[in-house]
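Colleague: Pasting a structure below so you can have a look.
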Amino acid sequence: MTPFLELTDIDIAYPPKRVVQEVSLHMLCAGIGCLLGPSGCGKTTLLRALAGFEPVQRGSIRLEGVELSRPGWTLPPEQRRIGLMFQDLALFPHLTVADNVAFGLRGWKSSERRARVLELLRLVGLADFARRYPHQLSGGQQQRVALARALAPRPRLLLLDEPFSSLDVTLREALAREVRGILLREGTGGLLVSHDQFEAFAFADEIGVLYEGRLLQWDSAYNLYHRPADRFVADFIGQGVLLPGRMGENGRMNTELGEIDGPALTGLTPGAAVEILVRPDDVIHDDTSAMQAEVVERAFRGAEFLYTLSLPSGARLLCLAPSHHNHALGQRIGIRLDIDHVVMFRRESSAGPTG
Amino acid sequence: MEVGCPSLHRRPLSQGEKGVGAWIVRIDRWTGWVLGTALLLALPVFTVFVTALQPAGEVWRHLADTVLTDYVFNSITLMLGVGAGTLLIGVPAAWLTATCEFPGRRGFEWALLLPMAIPAYIIAYTYTGLLDFAGPVQMLLRELFGWTRQDYAFPEIRSLPGAVLMLTLVLYPYVYLLARAAFLEQSAAMLEVSRSLGAGSWRRFLTVTLPLARPALIAGVSLVQMEALADYGVVQYFGVSTFTTGIFRVWFGMNDATAAAQLAALSLLFVFALLTFERLSRRQARFHHTGQRVQRPPRLALHGRWRGLATATCLIPLLFGFLIPAGQLSVWAWRTASHRVDDHFVDLAAHSLLLAGGAALLILLLALLLGYGQRLRPRSVVRLAVRGAGLGYAVPGTVIAIGVMLPFAALDRSVDHWVRAGFGMSTGLLLSGTLFALLFAYCTRFLPVALHSVEAGLGRIRPSMDDAARALGSRPRGVLWRVHVPILRGSLLTALLLVFVDVLKELPATLILRPFNFNTLAVRTYELASDERLADSATFALAIVLAGIGPVILLSRAISQARPGHDPLS
């Protein structure tokens with residue numbers, strides 16, 4: 001089967017800088033994905049290359065088996081049938097809502113065009129607003145118009161460049177879910193660019209973490225959190241700390257919190273320095289434990305406390321405790337580790353994924 | 001971390017329209033179009049400099065021995081005098097209307113722009129008629145005091161100081177406009193800080209208000225000085241020898257195109273000095289202009305004699321720059337209209353309207369395609385070319401006329417020579433003395449006016465608009481017509497009107513390049529005035545002034561609606 005979207009070894013450069021390097025990813029079917037990363041990681045550039053606004057210097061982009069970009073050749077954006085939704089929405093201020101939606105329907109029969117516009121306005125719940133101008137709508141409504149406009153010409157793939165980031169947090173997740181539903185109903189693939197992992201989790205089935213122009217991992221949200229393939233991914237997704245340790249003669253890892261059974265990393269010899277990912281929910285508050293740590297910061301979150309703890313060596317640890325365990329700053333509390341699945345990296349380099 | 005995700009404006013890698021994009025520097029259709037147009041528009045200035053490099057002939061040596069020092073002295077005096085005069089009128093008027101409250105303030109805000117509607121040569125004709133021996137002013141004096149010709153000495157308006165005065169009266173609105181905008185931008189906070197530091201109002205003006213506005217004032221004055229240097233109508237009529245009249249005299253009187261080009265090149269050096277100065281000051285302006293919405297300080301309410309003084313300060317330039325000359329023109333026109341408004345007048349008006357309208361449309365189209373080309377291909381070559389095409393506004397009409405005439409004549413000669421040799425017949429003049437040559441000159445001179453509006457307008461349209469339209473299936477050209485032009489409708493119309501009036505008023509280039517027997521309102525006004533038939537010229541002059549009021553109204557509307565931090569045209 002031909003994969004839906006196929007990026008092979010992409011390099012994008014603004015000479016002399018390489019902004020995106022050796023990015024490969026496959027989406028098997030027209031599902032919903034997300035490129036996640038901090039600002040400046042190259043995710044927007046990658047999106048623009050997908051849309052046809054940036055040429056690639058290496059590799060190729062294929063959509064449903066058709067090549068869209070390769071070095072020296074870029075199919076122009078208007079011929080790609082890839083829709084775009086922008087952070088600033090970019091609604092045309094001189095056109096009504098209906099005309100905005102109809103913009104991409106040039107060459108359609110006028111009856112079909114009218115039907116399609118109406119269909120989409122119904123889909124996004126704005127059928128009564130067809131004759132309004134964009135500036136007469138609220139932020140959320142404008143967002144829906146932008147979505148309807150992008151979907152009108154039936155693109156095969158919709159690219160979304162942080163379109164929800166201007167909304168407040170609650171509306172953001174609700175709208176992300178709604179857009180997700182609409183995309184699935186229309187059978188259009190979606191690719192979101194975001195720096196917000198919760199938005200990504202709410203929206204996408206598959207998420208790629210980009211850092212400094214490289215795609216570190218392309219996986220489900222669950223796996224990114226529980227099985228990060230890279231030190232940066234472990235750090236970037238969710239909360240947690242990397243606890244230093246050393247491999248003992250018995251093959252177990254010696255840490256300040258005792259011995260831990262680490263996964264077998266190839267070429268790891270006794271005495272090698274490692275780091276072990278410890279999530280806040282891996283650290284159990286247990287007054288009976290002999291292991292003690294000092295509370296240096298606390299954040300009340302209703303049902304629970306997130307404590308930042310300091311170990312005798314000065315290493316920090318996060319601990320999620322039920323909220324009736326109310327401890328003051330400076331107090332020493334007992335903890336124990338309960339790690340289901342140990343994620344470990346070699347300390348001197350960021351290489352070395354664990355299974 | 002700020003490595004990747006460049007702003008959407010930076011798109012340095014070209015993309016072929018047909019998808020054949022390699023990222024070496026390549027000339028695609030849009031780049032080629034912009035570069036070609038810019039080169040063509042640079043042709044006149046280029047020609048002038050190349051011609052000027054030829055060895056100096058006898059005429060030039062004669063000039064250098066005799067009148068050249070006069071040209072330089074008079075041109076510099078004119079520039080300095082008009083610069084000082086416009087500052088003296090423009091700055092107080094701008095400060096009063098921007099920061100104070102006094103009777104008539106709202107009216108003055110826009111009425112102070114009215115003198116812009118009067119071309120300098122027309123105000124010069126009008127004051128000559130008013131102030132000469134047989135004019136109403138001297139007659140009144142003689143009647144009142146019973147003087148005869150020998151009894152009194154009346155200052156001669158047709159002199160260098162007179163020319164400075166005339167140009168000052170119609171050019172001060174540029175300084176006023178820019179100074180006023182600068183004063184309005186200054187925030188209350190800044191003035192309050194200086195106040196809390198114990199500065200009195202006079203000291204505050206000298207140490208805070210004025211220095212902050214300095215870049216705007218320099219920009220205004222350089223603009224005014226370029227106009228003064230480019231003036232032909234006033235100095236010609238007043239018999240003051242400057243570069244522009246010199247170029248005319250050398251070319252048509254002494255028949256020496258090379259010497260004329262050498263004079264033109266010399267005057268261009270002045271222009272470039274001014275331009276450089278202005279650019280440098282504008283670079284500073286960026287520091288001063290924060291671009292944020294500012295809290296306006298409350299207006300200073302004036303009382304007692306200060307009120308009267310403020311009103312007078314604003315009334316005097318309006319009175320002498322517009323009300324008196326427009327009134328005199330109306331009186332003359334009223335007296336002579338019966339035998340002036342005839343078929344001939346209709347012909348002239350039609351010529352002028354068609355010429356100005358056609359030129360304005362052509363120029364707007366060029367500006368639109370240049371501006372959009374620059375947006376599509378924001379490479380340094382393209383930027384540089386567009387900057388170059390935008391220099392024309394600083395080049396005097398006489399200089400452009402020479403720069404157009406010389407290459408066109410050369411082309412005509414060589415085509416004629418070639419056809420004669422090959423086919424034994426003469427083609428005569430193909431381009432020289434045609435409307436085409438005239439339109440070309442207008443494009444070089446006035447394109448920058450339209451380009452400025454277009455660039456400012458396009459700058460306000462976010463690049464994501466282009467991308468959205470492309471992703472929805474529009475080709476680049478489609479984006480221009482379906483998105484940009486409709487959004488920019490307002491600013492495009494403004495640009496059209498500005499260019500239209502500029503062409504309507506233009507005198508020296510039209511005078512030199514017009515087809516034989518092709519007259520316009522401006523040319524006819526000039527001819528009649530040169531024949532001392534001032535009253536007869538008034539109808540034509542008034543028609544030009546009335547047309548010129550259009551842009552003034554637009555500008556004043558923009559002023560009254562503008563809030564600092566808000567763009568009136570967006």
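Just so we're on the same page: first chain in the structure tokens is A, next is B, and so on; residues restart at 1 for each chain, and ligands are numbered from 1 in the order they show up.
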Taking only C-alpha atoms into account and nothing else, which residues of chain A lie no more than 7 Å away from chain B? Please answer as a ChimeraX atom specification.

Modeller: /A:19,40-42,44-45,72-79,82-84,90,94,103-104

Colleague: Could you write out the selected residues, including N, CA and C atoms, as a PDB file, in the first residue's frame?

Modeller:
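Ended up saving to selection.pdb:
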```pdb
ATOM      1  N   VAL A  19      17.976  24.465   8.123  1.00  0.00           N
ATOM      2  CA  VAL A  19      16.926  24.665   9.116  1.00  0.00           C
ATOM      3  C   VAL A  19      16.241  23.348   9.458  1.00  0.00           C
ATOM      4  N   GLY A  40      11.476  27.797  16.844  1.00  0.00           N
ATOM      5  CA  GLY A  40      12.780  27.786  16.206  1.00  0.00           C
ATOM      6  C   GLY A  40      13.282  26.389  15.886  1.00  0.00           C
ATOM      7  N   CYS A  41      12.413  25.385  16.028  1.00  0.00           N
ATOM      8  CA  CYS A  41      12.890  24.020  15.811  1.00  0.00           C
ATOM      9  C   CYS A  41      12.804  23.622  14.349  1.00  0.00           C
ATOM     10  N   GLY A  42      12.167  24.456  13.512  1.00  0.00           N
ATOM     11  CA  GLY A  42      12.070  24.120  12.102  1.00  0.00           C
ATOM     12  C   GLY A  42      10.717  23.552  11.707  1.00  0.00           C
ATOM     13  N   THR A  44       7.700  24.999  11.471  1.00  0.00           N
ATOM     14  CA  THR A  44       6.946  25.816  10.520  1.00  0.00           C
ATOM     15  C   THR A  44       7.573  25.743   9.133  1.00  0.00           C
ATOM     16  N   THR A  45       8.902  25.728   9.096  1.00  0.00           N
ATOM     17  CA  THR A  45       9.591  25.608   7.812  1.00  0.00           C
ATOM     18  C   THR A  45       9.207  24.299   7.113  1.00  0.00           C
ATOM     19  N   GLY A  72      15.444  20.991  -6.540  1.00  0.00           N
ATOM     20  CA  GLY A  72      15.360  21.610  -7.856  1.00  0.00           C
ATOM     21  C   GLY A  72      13.980  21.596  -8.463  1.00  0.00           C
ATOM     22  N   TRP A  73      13.038  21.016  -7.763  1.00  0.00           N
ATOM     23  CA  TRP A  73      11.693  20.987  -8.329  1.00  0.00           C
ATOM     24  C   TRP A  73      10.659  21.074  -7.212  1.00  0.00           C
ATOM     25  N   THR A  74       9.782  22.045  -7.333  1.00  0.00           N
ATOM     26  CA  THR A  74       8.750  22.236  -6.323  1.00  0.00           C
ATOM     27  C   THR A  74       7.422  22.450  -7.015  1.00  0.00           C
ATOM     28  N   LEU A  75       6.492  21.566  -6.799  1.00  0.00           N
ATOM     29  CA  LEU A  75       5.157  21.780  -7.366  1.00  0.00           C
ATOM     30  C   LEU A  75       4.567  22.996  -6.675  1.00  0.00           C
ATOM     31  N   PRO A  76       4.083  24.019  -7.442  1.00  0.00           N
ATOM     32  CA  PRO A  76       3.590  25.238  -6.805  1.00  0.00           C
ATOM     33  C   PRO A  76       2.422  24.935  -5.862  1.00  0.00           C
ATOM     34  N   PRO A  77       2.271  25.749  -4.820  1.00  0.00           N
ATOM     35  CA  PRO A  77       1.250  25.497  -3.796  1.00  0.00           C
ATOM     36  C   PRO A  77      -0.138  25.322  -4.403  1.00  0.00           C
ATOM     37  N   GLU A  78      -0.430  26.129  -5.455  1.00  0.00           N
ATOM     38  CA  GLU A  78      -1.798  26.113  -5.971  1.00  0.00           C
ATOM     39  C   GLU A  78      -2.141  24.808  -6.684  1.00  0.00           C
ATOM     40  N   GLN A  79      -1.124  23.969  -6.935  1.00  0.00           N
ATOM     41  CA  GLN A  79      -1.416  22.713  -7.627  1.00  0.00           C
ATOM     42  C   GLN A  79      -1.336  21.493  -6.720  1.00  0.00           C
ATOM     43  N   ILE A  82      -3.273  20.905  -1.136  1.00  0.00           N
ATOM     44  CA  ILE A  82      -3.004  20.854   0.296  1.00  0.00           C
ATOM     45  C   ILE A  82      -3.570  22.134   0.892  1.00  0.00           C
ATOM     46  N   GLY A  83      -4.431  21.998   1.879  1.00  0.00           N
ATOM     47  CA  GLY A  83      -5.045  23.174   2.504  1.00  0.00           C
ATOM     48  C   GLY A  83      -4.179  23.700   3.622  1.00  0.00           C
ATOM     49  N   LEU A  84      -4.383  24.994   3.933  1.00  0.00           N
ATOM     50  CA  LEU A  84      -3.562  25.621   4.967  1.00  0.00           C
ATOM     51  C   LEU A  84      -4.459  26.422   5.903  1.00  0.00           C
ATOM     52  N   ALA A  90      -5.711  34.674   8.312  1.00  0.00           N
ATOM     53  CA  ALA A  90      -5.589  35.212   6.960  1.00  0.00           C
ATOM     54  C   ALA A  90      -6.907  35.161   6.201  1.00  0.00           C
ATOM     55  N   HIS A  94     -11.932  41.672   2.510  1.00  0.00           N
ATOM     56  CA  HIS A  94     -12.833  42.331   1.565  1.00  0.00           C
ATOM     57  C   HIS A  94     -13.933  41.395   1.083  1.00  0.00           C
ATOM     58  N   PHE A 103     -13.587  31.023  -2.192  1.00  0.00           N
ATOM     59  CA  PHE A 103     -12.395  31.510  -2.889  1.00  0.00           C
ATOM     60  C   PHE A 103     -11.663  30.407  -3.643  1.00  0.00           C
ATOM     61  N   GLY A 104     -11.561  29.251  -3.013  1.00  0.00           N
ATOM     62  CA  GLY A 104     -10.813  28.164  -3.649  1.00  0.00           C
ATOM     63  C   GLY A 104     -11.636  27.350  -4.629  1.00  0.00           C
TER      64      GLY A 104
END
```

Colleague: Mind checking DSSP for stretch 191-244 of chain A and telling me the strand (DSSP E) residues as a PyMOL selection string?

Modeller: chain A and resi 191-194+206-211+214-219+241-244

Colleague: Write the residues of the selection above to a file with C-alpha atoms, as an mmCIF file, in the first residue's frame.

Modeller:
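As a result, part20.cif now contains:
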```cif
data_model
loop_
_atom_site.group_PDB
_atom_site.id
_atom_site.type_symbol
_atom_site.label_atom_id
_atom_site.label_comp_id
_atom_site.auth_asym_id
_atom_site.auth_seq_id
_atom_site.Cartn_x
_atom_site.Cartn_y
_atom_site.Cartn_z
ATOM 1 C CA LEU A 191 -1.023 17.879 10.116
ATOM 2 C CA LEU A 192 -0.796 20.375 12.960
ATOM 3 C CA VAL A 193 2.212 22.411 13.953
ATOM 4 C CA SER A 194 2.337 23.262 17.615
ATOM 5 C CA GLU A 206 0.670 10.579 15.774
ATOM 6 C CA ILE A 207 3.102 13.189 16.972
ATOM 7 C CA GLY A 208 6.580 14.030 15.796
ATOM 8 C CA VAL A 209 8.952 15.856 18.099
ATOM 9 C CA LEU A 210 11.264 18.236 16.275
ATOM 10 C CA TYR A 211 14.340 19.768 17.805
ATOM 11 C CA ARG A 214 15.716 17.081 13.366
ATOM 12 C CA LEU A 215 12.775 14.782 13.865
ATOM 13 C CA LEU A 216 13.587 12.926 17.058
ATOM 14 C CA GLN A 217 10.605 10.617 17.279
ATOM 15 C CA TRP A 218 7.387 10.033 15.359
ATOM 16 C CA ASP A 219 5.008 8.130 17.588
ATOM 17 C CA VAL A 241 13.787 14.601 35.840
ATOM 18 C CA LEU A 242 16.757 12.604 34.635
ATOM 19 C CA LEU A 243 18.331 10.986 37.633
ATOM 20 C CA PRO A 244 22.057 10.256 37.273
#
```

Colleague: Would you return as a PyMOL selection string the members of stretch 42-167 of chain A that DSSP assigns to helix (DSSP H, G or I) on this structure's backbone?

Modeller: chain A and resi 43-51+77-79+97-105+110-123+127-129+134-136+139-151

Colleague: Can I get the selected residues back with C-alpha atoms, as a compact mmCIF listing (two decimals), in the first residue's frame?

Modeller:
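out.txt written:
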```txt
# COMPACT_ATOMS: atom_id res chain seq x y z
CA LYS A 43 8.50 22.86 12.33
CA THR A 44 6.95 25.82 10.52
CA THR A 45 9.59 25.61 7.81
CA LEU A 46 8.78 21.95 7.34
CA LEU A 47 5.09 22.79 7.09
CA ARG A 48 5.81 25.46 4.49
CA ALA A 49 7.84 22.96 2.48
CA LEU A 50 4.89 20.60 2.58
CA ALA A 51 2.62 23.39 1.35
CA PRO A 77 1.25 25.50 -3.80
CA GLU A 78 -1.80 26.11 -5.97
CA GLN A 79 -1.42 22.71 -7.63
CA VAL A 97 -17.84 34.66 4.87
CA ALA A 98 -19.44 32.85 1.93
CA ASP A 99 -17.05 34.42 -0.58
CA ASN A 100 -14.09 33.54 1.61
CA VAL A 101 -15.18 29.92 1.64
CA ALA A 102 -15.83 30.01 -2.12
CA PHE A 103 -12.39 31.51 -2.89
CA GLY A 104 -10.81 28.16 -3.65
CA LEU A 105 -13.76 26.95 -5.71
CA SER A 110 -21.98 27.93 -9.58
CA SER A 111 -24.70 25.61 -8.30
CA GLU A 112 -22.13 23.13 -7.03
CA ARG A 113 -20.10 25.93 -5.55
CA ARG A 114 -23.09 27.30 -3.69
CA ALA A 115 -23.97 23.86 -2.41
CA ARG A 116 -20.41 23.21 -1.24
CA VAL A 117 -20.19 26.56 0.57
CA LEU A 118 -23.46 25.92 2.33
CA GLU A 119 -22.43 22.39 3.24
CA LEU A 120 -19.24 23.64 4.86
CA LEU A 121 -20.87 26.55 6.64
CA ARG A 122 -23.36 24.05 8.09
CA LEU A 123 -20.53 21.77 9.06
CA ALA A 127 -24.79 28.85 7.99
CA ASP A 128 -26.46 32.02 9.28
CA PHE A 129 -23.32 34.09 8.93
CA PRO A 134 -14.81 38.50 8.88
CA HIS A 135 -14.37 41.52 11.14
CA GLN A 136 -17.99 41.12 12.29
CA GLY A 139 -12.35 34.91 17.20
CA GLY A 140 -13.78 31.40 17.42
CA GLN A 141 -16.15 32.04 14.51
CA GLN A 142 -13.31 33.37 12.38
CA GLN A 143 -11.43 30.19 13.14
CA ARG A 144 -14.33 28.15 11.81
CA VAL A 145 -14.52 30.24 8.64
CA ALA A 146 -10.83 29.67 8.07
CA LEU A 147 -11.37 25.94 8.50
CA ALA A 148 -14.33 25.91 6.13
CA ARG A 149 -12.38 27.90 3.55
CA ALA A 150 -9.40 25.56 3.74
CA LEU A 151 -11.59 22.46 3.42
```

Colleague: Quick one: everything within 7 Å of A:Ala202, counting only C-alpha atoms, minus sequence neighbours fewer than 2 positions away in the same chain. Send it as a list of chain:residue names.

Modeller: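 After dropping sequence-adjacent residues, the list is A:Glu173, A:Ala176, A:Arg177, A:Phe198, A:Glu199, A:Ala200, A:Ala204.
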
Colleague: If we count only C-alpha atoms, what is near stretch 517-525 of chain B at a cut-off of 6 Å, once residues fewer than 4 positions away on the same chain are taken out, given as a short mmCIF file (atom, residue, chain, number, x, y, z; two decimals) with N, CA and C atoms, in the first residue's frame?

Modeller:
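What ended up in part-v5.cif:
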```cif
data_model
loop_
_atom_site.label_atom_id
_atom_site.label_comp_id
_atom_site.auth_asym_id
_atom_site.auth_seq_id
_atom_site.Cartn_x
_atom_site.Cartn_y
_atom_site.Cartn_z
N LEU B 348 -8.08 72.03 -24.47
CA LEU B 348 -6.96 72.00 -23.52
C LEU B 348 -7.28 71.11 -22.34
N HIS B 351 -7.22 67.52 -23.33
CA HIS B 351 -5.83 67.07 -23.45
C HIS B 351 -5.25 66.76 -22.08
N SER B 352 -5.41 67.74 -21.19
CA SER B 352 -4.82 67.60 -19.86
C SER B 352 -5.40 66.39 -19.13
N LYS B 505 -0.10 69.30 -13.19
CA LYS B 505 0.63 70.51 -12.83
C LYS B 505 1.99 70.59 -13.51
N SER B 537 -4.56 84.10 -18.40
CA SER B 537 -4.12 82.75 -18.01
C SER B 537 -4.90 82.23 -16.81
N PHE B 540 -7.22 79.01 -16.90
CA PHE B 540 -6.49 77.74 -16.96
C PHE B 540 -5.85 77.43 -15.61
#
```

Colleague: State, in Å with one decimal place, the distance from atom CA of B:Asp416 to atom CA of B:Gln54.

Modeller: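 Going from atom CA of B:Asp416 over to atom CA of B:Gln54, I get 24.5 Å.
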
Colleague: Quote the spacing between atom CA of B:Glu527 and atom CA of B:Val250 in Å to one decimal place.

Modeller: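 Between atom CA of B:Glu527 and atom CA of B:Val250 the gap is 20.0 Å.
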
Colleague: Please indicate the distance in Å from atom CA of B:Leu329 to atom CA of B:Ala558, rounded to one decimal place.

Modeller: 28.1 Å

Colleague: Would you kindly return, as a PyMOL selection string, each protein, DNA or RNA residue with an atom no farther than 8 Å from any atom of A:Gln197, considering only C-alpha atoms and excluding same-chain residues fewer than 4 positions away?

Modeller: chain A and resi 36+201+237

Colleague: Which polymer residues have any atom within 8 Å of an atom of B:Phe49, counting only C-alpha atoms, with same-chain residues fewer than 4 positions away left out, as a PDB file with C-alpha atoms, in the first residue's frame?

Modeller:
```pdb
ATOM      1  CA  VAL B  45      19.430  59.663 -15.221  1.00  0.00           C
ATOM      2  CA  LEU B  53      31.213  62.538 -19.007  1.00  0.00           C
ATOM      3  CA  ALA B 261      23.574  67.375 -19.663  1.00  0.00           C
ATOM      4  CA  GLN B 262      26.662  68.495 -17.783  1.00  0.00           C
ATOM      5  CA  ALA B 265      24.489  66.163 -13.870  1.00  0.00           C
TER       6      ALA B 265
END
```

Colleague: Which neighbours of B:Leu492 fall inside 9 Å, counting only C-alpha atoms, when residues of the same chain fewer than 3 positions from it are skipped, and could you give them as a PyMOL selection string?

Modeller: chain B and resi 364+368+450+453-454+457+485+488-489+495-497

Colleague: Would you mind exporting the chosen residues as a PDB file, in the first residue's frame, restricted to N, CA and C atoms?

Modeller:
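Okay, this is what ended up in out01.pdb:
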```
ATOM      1  N   LEU B 364       0.250  53.800 -12.105  1.00  0.00           N
ATOM      2  CA  LEU B 364      -0.270  52.975 -11.009  1.00  0.00           C
ATOM      3  C   LEU B 364      -0.059  51.488 -11.317  1.00  0.00           C
ATOM      4  N   LEU B 368       2.153  48.966  -9.185  1.00  0.00           N
ATOM      5  CA  LEU B 368       1.540  47.768  -8.621  1.00  0.00           C
ATOM      6  C   LEU B 368       2.373  46.534  -8.972  1.00  0.00           C
ATOM      7  N   ALA B 450       3.353  56.861  -6.718  1.00  0.00           N
ATOM      8  CA  ALA B 450       2.437  55.714  -6.677  1.00  0.00           C
ATOM      9  C   ALA B 450       3.081  54.535  -5.961  1.00  0.00           C
ATOM     10  N   SER B 453       2.675  54.636  -2.209  1.00  0.00           N
ATOM     11  CA  SER B 453       1.361  54.203  -1.727  1.00  0.00           C
ATOM     12  C   SER B 453       1.217  52.693  -1.825  1.00  0.00           C
ATOM     13  N   VAL B 454       1.643  52.150  -2.966  1.00  0.00           N
ATOM     14  CA  VAL B 454       1.480  50.716  -3.190  1.00  0.00           C
ATOM     15  C   VAL B 454       2.299  49.915  -2.176  1.00  0.00           C
ATOM     16  N   GLY B 457       0.775  50.103   1.216  1.00  0.00           N
ATOM     17  CA  GLY B 457      -0.435  49.291   1.260  1.00  0.00           C
ATOM     18  C   GLY B 457      -0.114  47.810   1.316  1.00  0.00           C
ATOM     19  N   VAL B 485      -5.445  43.827  -4.886  1.00  0.00           N
ATOM     20  CA  VAL B 485      -6.070  45.013  -5.473  1.00  0.00           C
ATOM     21  C   VAL B 485      -7.394  45.354  -4.776  1.00  0.00           C
ATOM     22  N   LEU B 488      -6.628  46.843  -1.396  1.00  0.00           N
ATOM     23  CA  LEU B 488      -5.938  48.136  -1.442  1.00  0.00           C
ATOM     24  C   LEU B 488      -6.714  49.218  -2.183  1.00  0.00           C
ATOM     25  N   ARG B 489      -7.927  48.907  -2.608  1.00  0.00           N
ATOM     26  CA  ARG B 489      -8.709  49.843  -3.413  1.00  0.00           C
ATOM     27  C   ARG B 489      -8.510  51.300  -2.987  1.00  0.00           C
ATOM     28  N   ALA B 495      -3.446  57.024  -4.655  1.00  0.00           N
ATOM     29  CA  ALA B 495      -2.238  57.126  -5.466  1.00  0.00           C
ATOM     30  C   ALA B 495      -2.578  57.649  -6.861  1.00  0.00           C
ATOM     31  N   LEU B 496      -3.676  57.138  -7.398  1.00  0.00           N
ATOM     32  CA  LEU B 496      -4.101  57.556  -8.737  1.00  0.00           C
ATOM     33  C   LEU B 496      -4.344  59.061  -8.771  1.00  0.00           C
ATOM     34  N   LEU B 497      -5.051  59.540  -7.768  1.00  0.00           N
ATOM     35  CA  LEU B 497      -5.384  60.961  -7.718  1.00  0.00           C
ATOM     36  C   LEU B 497      -4.122  61.812  -7.554  1.00  0.00           C
TER      37      LEU B 497
END
```

Colleague: Smallest atom-to-atom distance to A:Arg58: which of A:Glu256, A:Glu297, A:Asp88, A:Asp11, using only C-alpha atoms?

Modeller: A:Asp11
